[in-house]
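Structure file start-v7.pdb; described as PDB, C-alpha atoms and all ligand atoms.
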```
ATOM      1  CA  MET P   1     110.312  48.010 118.402
ATOM      2  CA  ALA P   2     111.964  48.399 114.996
ATOM      3  CA  CYS P   3     113.448  44.878 115.338
ATOM      4  CA  HIS P   4     110.039  43.564 116.376
ATOM      5  CA  LYS P   5     108.490  45.042 113.238
ATOM      6  CA  ALA P   6     111.300  43.625 111.136
ATOM      7  CA  ARG P   7     110.613  40.140 112.468
ATOM      8  CA  MET P   8     106.891  40.469 111.739
ATOM      9  CA  HIS P   9     107.127  42.031 108.236
ATOM     10  CA  GLY P  10     110.498  40.901 106.912
ATOM     11  CA  PRO P  11     113.762  42.929 106.896
ATOM     12  CA  VAL P  12     113.658  46.743 106.875
ATOM     13  CA  PRO P  13     116.543  47.645 104.562
ATOM     14  CA  HIS P  14     116.799  51.440 105.035
ATOM     15  CA  PHE P  15     117.154  52.047 108.804
ATOM     16  CA  ARG P  16     119.884  50.386 110.837
ATOM     17  CA  LYS P  17     118.905  52.593 113.826
ATOM     18  CA  ALA P  18     115.768  54.517 114.767
ATOM     19  CA  PRO P  19     115.517  57.733 112.668
ATOM     20  CA  SER P  20     116.593  60.907 114.514
ATOM     21  CA  VAL P  21     114.666  64.204 114.341
ATOM     22  CA  SER P  22     117.110  65.522 111.721
ATOM     23  CA  ASP P  23     116.454  62.442 109.538
ATOM     24  CA  LEU P  24     112.775  63.334 109.575
ATOM     25  CA  GLN P  25     113.261  66.975 108.514
ATOM     26  CA  PRO P  26     113.006  67.699 104.790
ATOM     27  CA  THR P  27     116.344  68.127 103.003
ATOM     28  CA  SER P  28     116.349  71.750 101.892
ATOM     29  CA  ARG P  29     117.349  72.923  98.442
ATOM     30  CA  HIS P  30     118.090  76.338  99.993
ATOM     31  CA  THR P  31     121.139  76.682 102.289
ATOM     32  CA  LEU P  32     120.912  78.223 105.775
ATOM     33  CA  PRO P  33     122.484  81.591 104.692
ATOM     34  CA  THR P  34     119.961  81.787 101.802
ATOM     35  CA  ARG P  35     117.081  81.047 104.170
ATOM     36  CA  LEU P  36     118.220  83.623 106.761
ATOM     37  CA  ILE P  37     118.802  86.388 104.192
ATOM     38  CA  HIS P  38     115.488  85.591 102.455
ATOM     39  CA  ALA P  39     113.656  85.811 105.808
ATOM     40  CA  GLY P  40     115.378  89.124 106.679
ATOM     41  CA  LEU P  41     114.508  90.603 103.295
ATOM     42  CA  ALA P  42     110.900  89.349 103.390
ATOM     43  CA  LEU P  43     110.276  90.648 106.937
ATOM     44  CA  SER P  44     111.795  94.060 106.204
ATOM     45  CA  ILE P  45     109.700  94.402 103.005
ATOM     46  CA  ILE P  46     106.523  93.492 104.906
ATOM     47  CA  THR P  47     107.455  96.204 107.473
ATOM     48  CA  GLN P  48     107.979  98.692 104.602
ATOM     49  CA  LEU P  49     104.571  97.961 103.110
ATOM     50  CA  ALA P  50     102.765  98.073 106.462
ATOM     51  CA  THR P  51     104.389 101.371 107.532
ATOM     52  CA  SER P  52     103.805 102.944 104.100
ATOM     53  CA  LEU P  53     100.040 102.654 104.707
ATOM     54  CA  VAL P  54     100.023 104.821 107.844
ATOM     55  CA  MET P  55     103.289 106.822 108.013
ATOM     56  CA  ARG P  56     103.600 110.573 107.413
ATOM     57  CA  ALA P  57     106.625 111.248 105.192
ATOM     58  CA  PRO P  58     108.542 114.553 105.561
ATOM     59  CA  HIS P  59     107.251 117.279 103.218
ATOM     60  CA  GLY P  60     108.802 120.751 102.970
ATOM     61  CA  THR P  61     109.458 121.919 106.526
ATOM     62  CA  SER P  62     107.150 119.367 108.198
ATOM     63  CA  PRO P  63     109.146 116.372 109.473
ATOM     64  CA  GLY P  64     108.119 112.732 109.094
ATOM     65  CA  ASN P  65     106.519 110.907 112.039
ATOM     66  CA  LEU P  66     107.860 107.920 114.012
ATOM     67  CA  LEU P  67     106.380 105.387 111.575
ATOM     68  CA  PHE P  68     108.312 107.080 108.782
ATOM     69  CA  GLU P  69     111.484 106.504 110.846
ATOM     70  CA  VAL P  70     110.527 102.810 111.046
ATOM     71  CA  HIS P  71     110.029 102.857 107.241
ATOM     72  CA  GLU P  72     113.395 104.542 106.758
ATOM     73  CA  TYR P  73     115.452 102.277 109.044
ATOM     74  CA  SER P  74     113.812  98.991 107.999
ATOM     75  CA  GLY P  75     114.390 100.228 104.421
ATOM     76  CA  TYR P  76     118.118 100.429 105.159
ATOM     77  CA  ALA P  77     117.858  96.897 106.567
ATOM     78  CA  ALA P  78     116.147  95.797 103.309
ATOM     79  CA  LEU P  79     118.978  97.417 101.357
ATOM     80  CA  GLY P  80     121.513  95.454 103.440
ATOM     81  CA  PHE P  81     119.663  92.133 103.000
ATOM     82  CA  ALA P  82     119.289  92.723  99.234
ATOM     83  CA  ALA P  83     123.050  93.448  98.960
ATOM     84  CA  LEU P  84     123.822  90.269 100.973
ATOM     85  CA  PHE P  85     121.520  88.270  98.664
ATOM     86  CA  TRP P  86     123.426  89.498  95.567
ATOM     87  CA  LEU P  87     126.788  88.719  97.227
ATOM     88  CA  LEU P  88     125.571  85.253  98.174
ATOM     89  CA  LEU P  89     124.429  84.651  94.584
ATOM     90  CA  LEU P  90     127.938  85.438  93.373
ATOM     91  CA  PHE P  91     129.700  83.156  95.858
ATOM     92  CA  ARG P  92     127.409  80.281  96.883
ATOM     93  CA  SER P  93     127.971  76.844  95.370
ATOM     94  CA  LYS P  94     124.570  75.328  96.276
ATOM     95  CA  GLY P  95     121.161  76.760  95.353
ATOM     96  CA  THR P  96     119.587  78.586  92.425
ATOM     97  CA  SER P  97     122.265  79.993  90.090
ATOM     98  CA  LEU P  98     122.520  83.685  89.227
ATOM     99  CA  GLY P  99     121.808  82.725  85.585
ATOM    100  CA  SER P 100     118.497  81.077  86.579
ATOM    101  CA  LEU P 101     117.383  84.172  88.488
ATOM    102  CA  ILE P 102     118.480  86.520  85.668
ATOM    103  CA  PRO P 103     117.914  84.411  82.511
ATOM    104  CA  TRP P 104     117.349  87.352  80.142
ATOM    105  CA  PHE P 105     120.838  87.420  78.572
ATOM    106  CA  SER P 106     120.990  83.764  77.448
ATOM    107  CA  ALA P 107     119.073  82.466  74.400
ATOM    108  CA  ASN P 108     118.971  78.919  75.877
ATOM    109  CA  ARG P 109     117.617  80.148  79.174
ATOM    110  CA  ARG P 110     115.007  82.334  77.436
ATOM    111  CA  ALA P 111     113.852  79.305  75.405
ATOM    112  CA  ALA P 112     113.627  77.177  78.595
ATOM    113  CA  LEU P 113     111.663  79.988  80.256
ATOM    114  CA  ILE P 114     109.137  80.085  77.386
ATOM    115  CA  GLU P 115     108.697  76.272  77.495
ATOM    116  CA  ASP P 116     108.283  76.320  81.263
ATOM    117  CA  THR P 117     105.770  79.188  81.088
ATOM    118  CA  LYS P 118     103.711  77.119  78.601
ATOM    119  CA  ALA P 119     103.839  74.110  80.985
ATOM    120  CA  HIS P 120     102.685  76.342  83.872
ATOM    121  CA  LEU P 121      99.816  77.751  81.798
ATOM    122  CA  ALA P 122      98.748  74.224  80.735
ATOM    123  CA  SER P 123      98.772  73.115  84.403
ATOM    124  CA  ALA P 124      96.939  76.266  85.497
ATOM    125  CA  ARG P 125      94.076  75.311  83.143
ATOM    126  CA  HIS P 126      93.676  72.186  85.325
ATOM    127  CA  LEU P 127      94.087  74.272  88.509
ATOM    128  CA  THR P 128      97.365  72.622  89.453
ATOM    129  CA  PHE P 129     101.162  73.167  89.315
ATOM    130  CA  PRO P 130     103.647  71.225  87.173
ATOM    131  CA  ASP P 131     106.234  69.127  89.037
ATOM    132  CA  MET P 132     108.204  71.786  90.964
ATOM    133  CA  ASP P 133     111.503  69.857  90.863
ATOM    134  CA  ASN P 134     111.742  69.918  87.079
ATOM    135  CA  HIS P 135     109.942  73.205  86.455
ATOM    136  CA  ARG P 136     112.134  75.939  87.869
ATOM    137  CA  PRO P 137     112.871  78.474  85.061
ATOM    138  CA  MET P 138     109.665  80.523  85.381
ATOM    139  CA  ALA P 139     109.617  80.626  89.187
ATOM    140  CA  SER P 140     113.328  81.510  89.312
ATOM    141  CA  ALA P 141     112.993  84.280  86.686
ATOM    142  CA  ILE P 142     110.138  85.838  88.703
ATOM    143  CA  HIS P 143     112.165  85.545  91.947
ATOM    144  CA  GLY P 144     115.043  87.356  90.196
ATOM    145  CA  LEU P 145     112.706  90.168  89.103
ATOM    146  CA  GLY P 146     111.471  90.377  92.716
ATOM    147  CA  LEU P 147     115.014  90.771  94.012
ATOM    148  CA  LEU P 148     115.748  93.474  91.401
ATOM    149  CA  LEU P 149     112.521  95.273  92.358
ATOM    150  CA  MET P 150     113.355  95.298  96.092
ATOM    151  CA  THR P 151     116.880  96.536  95.290
ATOM    152  CA  LEU P 152     115.374  99.378  93.235
ATOM    153  CA  MET P 153     112.934 100.325  96.041
ATOM    154  CA  ALA P 154     115.602 100.274  98.743
ATOM    155  CA  THR P 155     118.135 102.280  96.690
ATOM    156  CA  THR P 156     115.623 104.924  95.550
ATOM    157  CA  GLY P 157     114.311 105.248  99.149
ATOM    158  CA  ALA P 158     117.823 105.586 100.572
ATOM    159  CA  ALA P 159     118.902 108.010  97.778
ATOM    160  CA  SER P 160     115.926 110.278  98.560
ATOM    161  CA  VAL P 161     117.393 110.904 102.024
ATOM    162  CA  LEU P 162     121.117 110.770 101.239
ATOM    163  CA  PHE P 163     120.949 112.959  98.091
ATOM    164  CA  PRO P 164     118.343 115.719  98.689
ATOM    165  CA  GLY P 165     119.148 117.246  95.269
ATOM    166  CA  VAL P 166     117.452 114.343  93.433
ATOM    167  CA  ARG P 167     114.788 113.663  96.095
ATOM    168  CA  GLU P 168     111.772 114.449  93.880
ATOM    169  CA  GLN P 169     112.985 112.320  90.935
ATOM    170  CA  VAL P 170     113.973 109.222  92.933
ATOM    171  CA  LEU P 171     110.822 109.362  95.069
ATOM    172  CA  GLY P 172     108.803 109.510  91.835
ATOM    173  CA  VAL P 173     110.327 106.144  90.850
ATOM    174  CA  HIS P 174     109.875 104.845  94.428
ATOM    175  CA  VAL P 175     106.149 105.617  94.491
ATOM    176  CA  LEU P 176     105.658 104.400  90.878
ATOM    177  CA  PHE P 177     106.922 100.899  91.722
ATOM    178  CA  ALA P 178     105.323 100.708  95.191
ATOM    179  CA  ASN P 179     102.198  98.905  93.921
ATOM    180  CA  VAL P 180     104.344  96.344  92.088
ATOM    181  CA  VAL P 181     105.894  95.459  95.476
ATOM    182  CA  TRP P 182     102.398  94.731  96.851
ATOM    183  CA  ALA P 183     101.611  92.617  93.744
ATOM    184  CA  TYR P 184     104.904  90.694  94.103
ATOM    185  CA  LEU P 185     104.415  89.979  97.797
ATOM    186  CA  ILE P 186     100.789  88.866  97.381
ATOM    187  CA  GLY P 187     101.545  86.786  94.237
ATOM    188  CA  HIS P 188     104.787  85.203  95.500
ATOM    189  CA  ALA P 189     103.659  84.438  99.062
ATOM    190  CA  GLY P 190     100.165  83.408  97.862
ATOM    191  CA  LEU P 191     101.564  80.946  95.293
ATOM    192  CA  ALA P 192     104.092  79.591  97.827
ATOM    193  CA  LEU P 193     101.264  78.910 100.316
ATOM    194  CA  LEU P 194      99.090  77.334  97.588
ATOM    195  CA  ALA P 195     101.980  75.121  96.402
ATOM    196  CA  HIS P 196     102.591  74.092 100.038
ATOM    197  CA  TRP P 197      98.952  73.187 100.691
ATOM    198  CA  THR P 198      98.757  71.212  97.433
ATOM    199  CA  ARG P 199     102.069  69.470  98.388
ATOM    200  CA  HIS P 200     104.011  70.788  95.388
ATOM    201  CA  LEU P 201     106.626  72.340  97.673
ATOM    202  CA  ASP P 202     107.426  72.372 101.362
ATOM    203  CA  LEU P 203     107.526  75.890 102.860
ATOM    204  CA  ARG P 204     110.098  74.661 105.418
ATOM    205  CA  GLU P 205     112.602  74.338 102.568
ATOM    206  CA  MET P 206     112.798  78.153 102.612
ATOM    207  CA  TRP P 207     111.473  79.070 106.048
ATOM    208  CA  ARG P 208     113.307  76.618 108.373
ATOM    209  CA  LEU P 209     115.606  79.031 110.218
ATOM    210  CA  VAL P 210     117.805  76.441 111.934
ATOM    211  CA  LYS P 211     120.335  74.053 110.431
TER     212      LYS P 211
HETATM  213  C1  LIG Z   1     108.602  90.591  99.378
HETATM  214  C2  LIG Z   1     109.342  89.790 100.079
HETATM  215  C3  LIG Z   1     110.027  88.596  99.443
HETATM  216  C4  LIG Z   1     111.048  88.587  98.534
HETATM  217  C5  LIG Z   1     111.765  89.796  97.936
HETATM  218  C6  LIG Z   1     111.321  87.197  98.215
HETATM  219  C7  LIG Z   1     112.293  86.780  97.323
HETATM  220  C8  LIG Z   1     112.564  85.460  97.026
HETATM  221  C9  LIG Z   1     113.643  85.017  96.159
HETATM  222  C10 LIG Z   1     114.651  85.955  95.467
HETATM  223  C11 LIG Z   1     113.595  83.665  96.111
HETATM  224  C12 LIG Z   1     114.528  82.740  95.317
HETATM  225  C13 LIG Z   1     115.649  82.289  96.230
HETATM  226  C14 LIG Z   1     116.569  81.290  95.577
HETATM  227  O1  LIG Z   1     116.138  80.524  94.699
HETATM  228  O2  LIG Z   1     117.752  81.261  95.976
HETATM  229  C15 LIG Z   1     112.478  83.237  96.934
HETATM  230  C16 LIG Z   1     112.087  81.932  97.142
HETATM  231  C17 LIG Z   1     111.056  81.552  97.977
HETATM  232  N1  LIG Z   1     110.234  82.372  98.712
HETATM  233 FE1  LIG Z   1     110.347  84.363  98.819
HETATM  234  N2  LIG Z   1     110.471  86.395  98.936
HETATM  235  C18 LIG Z   1     109.658  87.216  99.698
HETATM  236  C19 LIG Z   1     108.673  86.823 100.569
HETATM  237  C20 LIG Z   1     108.265  85.522 100.780
HETATM  238  C21 LIG Z   1     107.213  85.117 101.678
HETATM  239  C22 LIG Z   1     106.363  86.052 102.572
HETATM  240  C23 LIG Z   1     107.124  83.756 101.587
HETATM  241  C24 LIG Z   1     106.225  82.831 102.352
HETATM  242  C25 LIG Z   1     104.998  82.624 102.114
HETATM  243  C26 LIG Z   1     108.133  83.314 100.638
HETATM  244  C27 LIG Z   1     108.358  82.002 100.270
HETATM  245  C28 LIG Z   1     109.343  81.576  99.415
HETATM  246  C29 LIG Z   1     109.597  80.175  99.108
HETATM  247  C30 LIG Z   1     108.839  78.965  99.656
HETATM  248  C31 LIG Z   1     110.672  80.162  98.203
HETATM  249  C32 LIG Z   1     111.340  78.933  97.570
HETATM  250  C33 LIG Z   1     110.600  78.586  96.320
HETATM  251  C34 LIG Z   1     111.205  77.378  95.656
HETATM  252  O3  LIG Z   1     112.063  76.702  96.214
HETATM  253  O4  LIG Z   1     110.803  77.131  94.510
HETATM  254  N3  LIG Z   1     108.805  84.412 100.167
HETATM  255  N4  LIG Z   1     111.874  84.357  97.477
HETATM  256  C1  LIG Z   2     112.695  97.802  99.844
HETATM  257  C2  LIG Z   2     112.520  98.853 100.586
HETATM  258  C3  LIG Z   2     111.310  99.765 100.501
HETATM  259  C4  LIG Z   2     110.030  99.496 100.117
HETATM  260  C5  LIG Z   2     109.430  98.170  99.659
HETATM  261  C6  LIG Z   2     109.283 100.745 100.233
HETATM  262  C7  LIG Z   2     107.940 100.883  99.955
HETATM  263  C8  LIG Z   2     107.240 102.092  99.991
HETATM  264  C9  LIG Z   2     105.847 102.250  99.717
HETATM  265  C10 LIG Z   2     104.887 101.098  99.383
HETATM  266  C11 LIG Z   2     105.547 103.580  99.816
HETATM  267  C12 LIG Z   2     104.180 104.258  99.606
HETATM  268  C13 LIG Z   2     104.094 104.803  98.222
HETATM  269  C14 LIG Z   2     102.792 105.531  97.954
HETATM  270  O1  LIG Z   2     102.539 106.549  98.592
HETATM  271  O2  LIG Z   2     102.044 105.043  97.092
HETATM  272  C15 LIG Z   2     106.770 104.274 100.168
HETATM  273  C16 LIG Z   2     106.876 105.631 100.359
HETATM  274  C17 LIG Z   2     108.016 106.276 100.786
HETATM  275  N1  LIG Z   2     109.224 105.680 101.093
HETATM  276 FE1  LIG Z   2     109.684 103.705 100.884
HETATM  277  N2  LIG Z   2     110.131 101.729 100.685
HETATM  278  C18 LIG Z   2     111.373 101.165 100.863
HETATM  279  C19 LIG Z   2     112.515 101.795 101.346
HETATM  280  C20 LIG Z   2     112.590 103.142 101.682
HETATM  281  C21 LIG Z   2     113.758 103.792 102.237
HETATM  282  C22 LIG Z   2     115.116 103.123 102.549
HETATM  283  C23 LIG Z   2     113.449 105.089 102.399
HETATM  284  C24 LIG Z   2     114.412 106.118 102.932
HETATM  285  C25 LIG Z   2     114.161 106.875 103.832
HETATM  286  C26 LIG Z   2     112.079 105.282 101.935
HETATM  287  C27 LIG Z   2     111.395 106.497 101.895
HETATM  288  C28 LIG Z   2     110.098 106.670 101.477
HETATM  289  C29 LIG Z   2     109.417 107.969 101.420
HETATM  290  C30 LIG Z   2     110.048 109.341 101.742
HETATM  291  C31 LIG Z   2     108.121 107.715 100.985
HETATM  292  C32 LIG Z   2     106.989 108.723 100.781
HETATM  293  C33 LIG Z   2     106.934 109.173  99.372
HETATM  294  C34 LIG Z   2     105.905 110.265  99.185
HETATM  295  O3  LIG Z   2     104.756 110.015  99.572
HETATM  296  O4  LIG Z   2     106.278 111.316  98.691
HETATM  297  N3  LIG Z   2     111.593 104.073 101.516
HETATM  298  N4  LIG Z   2     107.786 103.327 100.257
END
```

Structure re-expressed in structure tokens:
Amino acid sequence: MACHKARMHGPVPHFRKAPSVSDLQPTSRHTLPTRLIHAGLALSIITQLATSLVMRAPHGTSPGNLLFEVHEYSGYAALGFAALFWLLLLFRSKGTSLGSLIPWFSANRRAALIEDTKAHLASARHLTFPDMDNHRPMASAIHGLGLLLMTLMATTGAASVLFPGVREQVLGVHVLFANVVWAYLIGHAGLALLAHWTRHLDLREMWRLVK
């Protein structure tokens, strides 16, 4: 069939053989370990938020209910995934660099972030996104803040159980930042879906969970 087409429309330079399924899948800028850890973290955070709406946390002598146990144990899972994400950032050779996710300590990176934020605002006025391949600093800086936020939530949650002496203080911080987690999830997932539908990024680049 391919040869037939070639005879009718001239030579086809790119394919010597019919493309396989893997040829047709998008090349991902995120490696498989990044995609698996991201999915684990995202799913455990969604579980945290859902359980937080209906659980009964332990207070005084009254124990927490089963949904609180789900909140507690998926919180430990979130802590594990966040720790794996940080380890991966230190050791991976492909993907967003640690400096792009945490740009705050470099003057050059801060300048690039300001320029990129201006480009995003200019595009937003026309209800679109700038080219996602060249415009990474703002998205990456926000992703880094998201990862820091989830690390803070998981460590304060875990500390409230492991160190009863500081329970009140750490839970104060936990509850204070809880709404920011909702805002991050809605903003980050909402923008990712919007960018996918407007063909500025392909969700499978982050959510394809096979090689
Ligand atoms: C609250 C849970 C989540 C957290 C903490 C989180 C965190 C992150 C982080 C840290 C990155 C950057 C990864 C890197 O560059 O190496 C990222 C990228 C990404 N996330 Fe999430 N994420 C969450 C939920 C979601 C959800 C629910 C979606 C799906 C709608 C999603 C879609 C994406 C996509 C598509 C990218 C890649 C963006 C790009 O390549 O520019 N995330 N996320
Ligand atoms: C990234 C992980 C976590 C997220 C995103 C998260 C999120 C939340 C949210 C949204 C609330 C409701 C706050 C409110 O009432 O306004 C909450 C409450 C709570 N969480 Fe977590 N949580 C996490 C991990 C944990 C862990 C590991 C524990 C340890 C057991 C924990 C223990 C608690 C407790 C005790 C409360 C009730 C606080 C109170 O009402 O006094 N959380 N969490």

Problem set entry | Reference answer for the PyMOL selection byres (((chain P and resi 47) around 12) and not hetatm), as number ranges by chain | P: 40-46, 48-55, 67-78, 182, 185

Problem set entry | Top pick for closest residue to ligand LIG 2 (chain Z), considering P:Leu121, P:Leu194, P:Leu32, P:Met150 and counting all atoms listed in the file |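 Smallest distance to ligand LIG 2 (chain Z) is found for P:Met150.
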
Using all atoms listed in the file, what are the residues with an atom within 8 Å of ligand LIG 1 (chain Z), set out as a PDB file with C-alpha atoms, in the coordinates of the input?
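Final output, out-v4.pdb:
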```
ATOM      1  CA  ARG P  29     117.349  72.923  98.442  1.00  0.00           C
ATOM      2  CA  HIS P  30     118.090  76.338  99.993  1.00  0.00           C
ATOM      3  CA  THR P  34     119.961  81.787 101.802  1.00  0.00           C
ATOM      4  CA  HIS P  38     115.488  85.591 102.455  1.00  0.00           C
ATOM      5  CA  ALA P  39     113.656  85.811 105.808  1.00  0.00           C
ATOM      6  CA  LEU P  41     114.508  90.603 103.295  1.00  0.00           C
ATOM      7  CA  ALA P  42     110.900  89.349 103.390  1.00  0.00           C
ATOM      8  CA  LEU P  43     110.276  90.648 106.937  1.00  0.00           C
ATOM      9  CA  SER P  44     111.795  94.060 106.204  1.00  0.00           C
ATOM     10  CA  ILE P  45     109.700  94.402 103.005  1.00  0.00           C
ATOM     11  CA  ILE P  46     106.523  93.492 104.906  1.00  0.00           C
ATOM     12  CA  PHE P  85     121.520  88.270  98.664  1.00  0.00           C
ATOM     13  CA  LEU P  89     124.429  84.651  94.584  1.00  0.00           C
ATOM     14  CA  GLY P  95     121.161  76.760  95.353  1.00  0.00           C
ATOM     15  CA  THR P  96     119.587  78.586  92.425  1.00  0.00           C
ATOM     16  CA  SER P  97     122.265  79.993  90.090  1.00  0.00           C
ATOM     17  CA  LEU P 101     117.383  84.172  88.488  1.00  0.00           C
ATOM     18  CA  MET P 132     108.204  71.786  90.964  1.00  0.00           C
ATOM     19  CA  ARG P 136     112.134  75.939  87.869  1.00  0.00           C
ATOM     20  CA  ALA P 139     109.617  80.626  89.187  1.00  0.00           C
ATOM     21  CA  SER P 140     113.328  81.510  89.312  1.00  0.00           C
ATOM     22  CA  HIS P 143     112.165  85.545  91.947  1.00  0.00           C
ATOM     23  CA  GLY P 144     115.043  87.356  90.196  1.00  0.00           C
ATOM     24  CA  LEU P 145     112.706  90.168  89.103  1.00  0.00           C
ATOM     25  CA  GLY P 146     111.471  90.377  92.716  1.00  0.00           C
ATOM     26  CA  LEU P 147     115.014  90.771  94.012  1.00  0.00           C
ATOM     27  CA  LEU P 149     112.521  95.273  92.358  1.00  0.00           C
ATOM     28  CA  MET P 150     113.355  95.298  96.092  1.00  0.00           C
ATOM     29  CA  VAL P 181     105.894  95.459  95.476  1.00  0.00           C
ATOM     30  CA  TRP P 182     102.398  94.731  96.851  1.00  0.00           C
ATOM     31  CA  TYR P 184     104.904  90.694  94.103  1.00  0.00           C
ATOM     32  CA  LEU P 185     104.415  89.979  97.797  1.00  0.00           C
ATOM     33  CA  HIS P 188     104.787  85.203  95.500  1.00  0.00           C
ATOM     34  CA  ALA P 189     103.659  84.438  99.062  1.00  0.00           C
ATOM     35  CA  GLY P 190     100.165  83.408  97.862  1.00  0.00           C
ATOM     36  CA  LEU P 191     101.564  80.946  95.293  1.00  0.00           C
ATOM     37  CA  ALA P 192     104.092  79.591  97.827  1.00  0.00           C
ATOM     38  CA  LEU P 193     101.264  78.910 100.316  1.00  0.00           C
ATOM     39  CA  HIS P 196     102.591  74.092 100.038  1.00  0.00           C
ATOM     40  CA  LEU P 201     106.626  72.340  97.673  1.00  0.00           C
ATOM     41  CA  ASP P 202     107.426  72.372 101.362  1.00  0.00           C
ATOM     42  CA  LEU P 203     107.526  75.890 102.860  1.00  0.00           C
ATOM     43  CA  ARG P 204     110.098  74.661 105.418  1.00  0.00           C
ATOM     44  CA  GLU P 205     112.602  74.338 102.568  1.00  0.00           C
ATOM     45  CA  MET P 206     112.798  78.153 102.612  1.00  0.00           C
ATOM     46  CA  TRP P 207     111.473  79.070 106.048  1.00  0.00           C
TER      47      TRP P 207
END
```

Seminar exercise, completed: Nearest to Ser93 (chain P), restricted to all atoms listed in the file and choosing among P:Thr156, P:Thr31, P:Thr117, P:Asn108, comes out as P:Thr31

Exercise. Which residue gives the smallest distance to Phe177 (chain P) among P:Ala195, P:Ala111, P:Gly60, P:Leu148, with all atoms listed in the file counted?
Worked result: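 Going through P:Ala195, P:Ala111, P:Gly60, P:Leu148 one by one, the smallest distance to Phe177 (chain P) is for P:Leu148.
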
For this session: Tell me, as an NGL selection string, which residues lie within 12 Å of Glu115 (chain P), counting all atoms listed in the file; anything in the same chain fewer than 3 positions away does not count.
Result: :P and (108-112 or 118-122 or 134-138)

Seminar exercise, completed: Between CA of Ser28 (chain P) and CA of Val210 (chain P) lies a distance of 11.2 Å

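You will find CA of Arg208 (chain P) at 19.5 Å from CA of Ala82 (chain P).
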
For this session: Quick one: pull the distance between CA of Ala57 (chain P) and CA of Gly80 (chain P), Å, one decimal.
Result: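 If I compute the distance from CA of Ala57 (chain P) to CA of Gly80 (chain P), I get 21.8 Å.
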